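This report refers to the structure that appears directly beneath it.
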Amino acid sequence: LNVPVGRLTQQSLLLEAVARLVAHHGMRSHPPQSLKPNASPQKAIQTARDYLEAHYAKEISLDGLAQVTGLSPYHLVRSFSKQVGLPPHRYQTHWQVLRAKQDLRTGKPLAAIATDHGFYDQSHFNRHFKRVFGVTPGQYRRNFVQYR
């Protein structure tokens, strides 16, 4: 299955795989460090959440998100996953789906809703929407939405 994925997804998955390899085969000499010496992980993760929510439809890199928070990419993904329950790329996708769902109340075409909310195309939107809500956006619109 050849599905396009965003930079944040690619980088997060790669970092998670490397972290698993290191955890399983390596020895840790020191705990993960923040880029900023006194950065609070809780505040940094809230900053990351706020940033992802405000920029949910944009292409975001893990390095860019790490810069915003002051955490190293590794520490960011680990702390974010631990505190939020999802890695940053899945949190971003979750927001894309939630915000796109709001647009289903309009008469806007599904393909336009998909691209407006950062999905590559309508099938990409359909797949993620169905994973979250159990129905496709078209089914949701037909069965649950009445236009104003």
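By order of appearance in the structure tokens: chains A, B, ..., then residues from 1 within every chain, and ligands from 1 in the order shown.
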Need the shell around range 45-49 of chain A: protein/DNA/RNA residues with any atom at most 7 Å away, counting only C-alpha atoms. Skip same-chain ones fewer than 4 positions apart. Format as a ChimeraX atom specification? /A:41,53,65,69,80
Per residue of range 69-131 of chain A within 12 Å of range 12-22 of chain A, which atom pair is closest and at what distance in Å (one decimal), using only C-alpha atoms, listed by chain and increasing number, as JSON lines?
```
{"residue": "A:Ser72", "atom": "CA", "partner": "A:Leu15", "partner_atom": "CA", "distance": 11.2}
{"residue": "A:Pro73", "atom": "CA", "partner": "A:Leu15", "partner_atom": "CA", "distance": 8.0}
{"residue": "A:Tyr74", "atom": "CA", "partner": "A:Leu15", "partner_atom": "CA", "distance": 6.6}
{"residue": "A:His75", "atom": "CA", "partner": "A:Leu15", "partner_atom": "CA", "distance": 10.1}
{"residue": "A:Leu76", "atom": "CA", "partner": "A:Ser12", "partner_atom": "CA", "distance": 9.7}
{"residue": "A:Val77", "atom": "CA", "partner": "A:Ser12", "partner_atom": "CA", "distance": 6.8}
{"residue": "A:Arg78", "atom": "CA", "partner": "A:Glu16", "partner_atom": "CA", "distance": 8.2}
{"residue": "A:Ser79", "atom": "CA", "partner": "A:Glu16", "partner_atom": "CA", "distance": 11.9}
{"residue": "A:Phe80", "atom": "CA", "partner": "A:Ser12", "partner_atom": "CA", "distance": 11.0}
{"residue": "A:Ser81", "atom": "CA", "partner": "A:Glu16", "partner_atom": "CA", "distance": 10.3}
{"residue": "A:Leu86", "atom": "CA", "partner": "A:Ser12", "partner_atom": "CA", "distance": 11.0}
{"residue": "A:Pro87", "atom": "CA", "partner": "A:Ser12", "partner_atom": "CA", "distance": 7.4}
{"residue": "A:Pro88", "atom": "CA", "partner": "A:Ser12", "partner_atom": "CA", "distance": 7.5}
{"residue": "A:His89", "atom": "CA", "partner": "A:Ser12", "partner_atom": "CA", "distance": 6.9}
{"residue": "A:Arg90", "atom": "CA", "partner": "A:Ser12", "partner_atom": "CA", "distance": 9.5}
{"residue": "A:Tyr91", "atom": "CA", "partner": "A:Ser12", "partner_atom": "CA", "distance": 11.6}
{"residue": "A:Gln92", "atom": "CA", "partner": "A:Ser12", "partner_atom": "CA", "distance": 11.9}
```
Exercise: Ala100 in chain A partners within 12 Å, only C-alpha atoms, chain neighbours under 3 positions left out, as number ranges by chain: A: 56-57, 93-97, 103-106, 108-119, 122, 125-126, 128-129, 137, 140-141
Any chance you could export the current selection's N, CA, C and O atoms as a tab-separated table (two decimals), in the first residue's frame?
```tsv
chain	number	residue	atom	x	y	z
A	56	TYR	N	-2.97	22.65	12.20
A	56	TYR	CA	-3.30	21.25	11.92
A	56	TYR	C	-3.30	20.91	10.44
A	56	TYR	O	-3.02	19.77	10.07
A	57	ALA	N	-3.60	21.85	9.57
A	57	ALA	CA	-3.71	21.55	8.13
A	57	ALA	C	-2.41	21.78	7.38
A	57	ALA	O	-2.35	21.57	6.18
A	93	THR	N	-3.30	14.52	12.93
A	93	THR	CA	-4.32	13.88	12.08
A	93	THR	C	-5.68	13.89	12.77
A	93	THR	O	-6.71	14.12	12.13
A	94	HIS	N	-5.69	13.65	14.07
A	94	HIS	CA	-6.94	13.68	14.82
A	94	HIS	C	-7.61	15.06	14.71
A	94	HIS	O	-8.82	15.15	14.48
A	95	TRP	N	-6.82	16.11	14.82
A	95	TRP	CA	-7.37	17.46	14.67
A	95	TRP	C	-7.85	17.72	13.25
A	95	TRP	O	-8.86	18.40	13.04
A	96	GLN	N	-7.14	17.20	12.27
A	96	GLN	CA	-7.58	17.35	10.88
A	96	GLN	C	-8.96	16.74	10.71
A	96	GLN	O	-9.85	17.36	10.10
A	97	VAL	N	-9.16	15.56	11.23
A	97	VAL	CA	-10.44	14.87	11.10
A	97	VAL	C	-11.55	15.64	11.83
A	97	VAL	O	-12.64	15.84	11.30
A	103	ASP	N	-16.83	20.89	8.72
A	103	ASP	CA	-17.12	21.38	7.37
A	103	ASP	C	-18.14	20.50	6.63
A	103	ASP	O	-18.67	20.91	5.60
A	104	LEU	N	-18.39	19.31	7.14
A	104	LEU	CA	-19.37	18.44	6.48
A	104	LEU	C	-20.78	19.02	6.59
A	104	LEU	O	-21.68	18.61	5.87
A	105	ARG	N	-20.96	19.99	7.46
A	105	ARG	CA	-22.27	20.64	7.61
A	105	ARG	C	-22.54	21.64	6.47
A	105	ARG	O	-23.63	22.14	6.35
A	106	THR	N	-21.52	21.91	5.70
A	106	THR	CA	-21.67	22.82	4.56
A	106	THR	C	-21.93	21.98	3.31
A	106	THR	O	-21.79	20.76	3.33
A	108	LYS	N	-20.04	22.07	0.80
A	108	LYS	CA	-18.75	22.02	0.11
A	108	LYS	C	-18.44	20.58	-0.32
A	108	LYS	O	-18.70	19.63	0.42
A	109	PRO	N	-17.87	20.38	-1.51
A	109	PRO	CA	-17.51	19.03	-1.96
A	109	PRO	C	-16.51	18.37	-1.02
A	109	PRO	O	-15.64	19.03	-0.45
A	110	LEU	N	-16.63	17.06	-0.89
A	110	LEU	CA	-15.76	16.32	0.02
A	110	LEU	C	-14.28	16.46	-0.35
A	110	LEU	O	-13.43	16.56	0.54
A	111	ALA	N	-13.98	16.48	-1.63
A	111	ALA	CA	-12.58	16.63	-2.05
A	111	ALA	C	-12.01	17.97	-1.59
A	111	ALA	O	-10.85	18.05	-1.17
A	112	ALA	N	-12.81	19.02	-1.65
A	112	ALA	CA	-12.36	20.34	-1.20
A	112	ALA	C	-12.17	20.37	0.31
A	112	ALA	O	-11.21	20.95	0.82
A	113	ILE	N	-13.08	19.73	1.02
A	113	ILE	CA	-12.94	19.65	2.49
A	113	ILE	C	-11.64	18.92	2.83
A	113	ILE	O	-10.89	19.36	3.70
A	114	ALA	N	-11.38	17.84	2.13
A	114	ALA	CA	-10.17	17.06	2.39
A	114	ALA	C	-8.92	17.92	2.23
A	114	ALA	O	-8.08	17.97	3.14
A	115	THR	N	-8.78	18.59	1.12
A	115	THR	CA	-7.56	19.37	0.88
A	115	THR	C	-7.50	20.61	1.77
A	115	THR	O	-6.42	21.00	2.20
A	116	ASP	N	-8.64	21.21	2.07
A	116	ASP	CA	-8.67	22.37	2.97
A	116	ASP	C	-8.14	22.04	4.36
A	116	ASP	O	-7.65	22.91	5.07
A	117	HIS	N	-8.30	20.79	4.76
A	117	HIS	CA	-7.91	20.38	6.10
A	117	HIS	C	-6.62	19.56	6.14
A	117	HIS	O	-6.33	18.89	7.12
A	118	GLY	N	-5.84	19.64	5.06
A	118	GLY	CA	-4.50	19.07	5.06
A	118	GLY	C	-4.37	17.63	4.62
A	118	GLY	O	-3.29	17.06	4.73
A	119	PHE	N	-5.44	17.04	4.11
A	119	PHE	CA	-5.34	15.68	3.60
A	119	PHE	C	-4.87	15.75	2.15
A	119	PHE	O	-5.12	16.72	1.45
A	122	GLN	N	-9.23	12.99	-1.25
A	122	GLN	CA	-10.45	12.55	-0.60
A	122	GLN	C	-10.31	11.14	0.00
A	122	GLN	O	-10.82	10.87	1.08
A	125	PHE	N	-8.59	11.36	3.31
A	125	PHE	CA	-9.57	11.87	4.28
A	125	PHE	C	-10.54	10.76	4.68
A	125	PHE	O	-10.79	10.54	5.87
A	126	ASN	N	-11.08	10.04	3.69
A	126	ASN	CA	-12.04	8.97	3.97
A	126	ASN	C	-11.45	7.93	4.92
A	126	ASN	O	-12.11	7.50	5.88
A	128	HIS	N	-8.98	8.12	7.15
A	128	HIS	CA	-8.80	8.60	8.52
A	128	HIS	C	-10.14	8.88	9.20
A	128	HIS	O	-10.31	8.60	10.39
A	129	PHE	N	-11.08	9.45	8.46
A	129	PHE	CA	-12.39	9.73	9.03
A	129	PHE	C	-13.08	8.43	9.46
A	129	PHE	O	-13.63	8.35	10.57
A	137	PRO	N	-16.92	9.99	5.36
A	137	PRO	CA	-17.48	11.34	5.43
A	137	PRO	C	-18.80	11.46	4.66
A	137	PRO	O	-19.73	12.13	5.11
A	140	TYR	N	-21.50	9.84	6.72
A	140	TYR	CA	-21.79	10.71	7.85
A	140	TYR	C	-22.66	11.88	7.41
A	140	TYR	O	-23.66	12.20	8.05
A	141	ARG	N	-22.28	12.50	6.30
A	141	ARG	CA	-23.03	13.65	5.79
A	141	ARG	C	-24.46	13.26	5.46
A	141	ARG	O	-25.41	13.96	5.81
```
List as a compact mmCIF listing (two decimals) with N, CA and C atoms, in the first residue's frame the protein and nucleic acid residues near Arg127 in chain A, meaning an atom at most 10 Å away when only C-alpha atoms are counted, but skip any in the same chain fewer than 6 places from it.
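Saved as out-v9.txt:
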```
# COMPACT_ATOMS: atom_id res chain seq x y z
N GLY A 134 -16.04 5.48 12.19
CA GLY A 134 -16.68 4.24 11.79
C GLY A 134 -17.51 4.32 10.52
N VAL A 135 -17.61 5.49 9.93
CA VAL A 135 -18.32 5.69 8.66
C VAL A 135 -17.49 6.64 7.81
N THR A 136 -17.74 6.63 6.50
CA THR A 136 -17.03 7.56 5.63
C THR A 136 -17.63 8.96 5.79
N PRO A 137 -16.92 9.99 5.36
CA PRO A 137 -17.48 11.34 5.43
C PRO A 137 -18.80 11.46 4.66
```
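Interatomic distance, CA of Ser61 in chain A against CA of Gln102 in chain A: 25.7 Å.
You can rank A:Tyr51, A:Phe144, A:Ser40, A:Arg7 by their closest distance to Val68 in chain A using only C-alpha atoms, and at the top of that list sits A:Tyr51.
Interatomic distance, CA of Leu98 in chain A to CA of Asp63 in chain A: 24.9 Å.
In this structure, CA of Gln42 in chain A sits 8.0 Å away from CA of Gln83 in chain A.
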Can you work out which one of A:Val5, A:Gln11, A:Lys101, A:Gln146 has the shortest atom-to-atom distance to Val132 in chain A, counting only C-alpha atoms?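 So, comparing all the options, the nearest one is A:Lys101.
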Here is a test: counting only C-alpha atoms, which residue of A:Leu8, A:Asp50, A:Gly107, A:Phe133 is nearest to Gly64 in chain A? A:Leu8
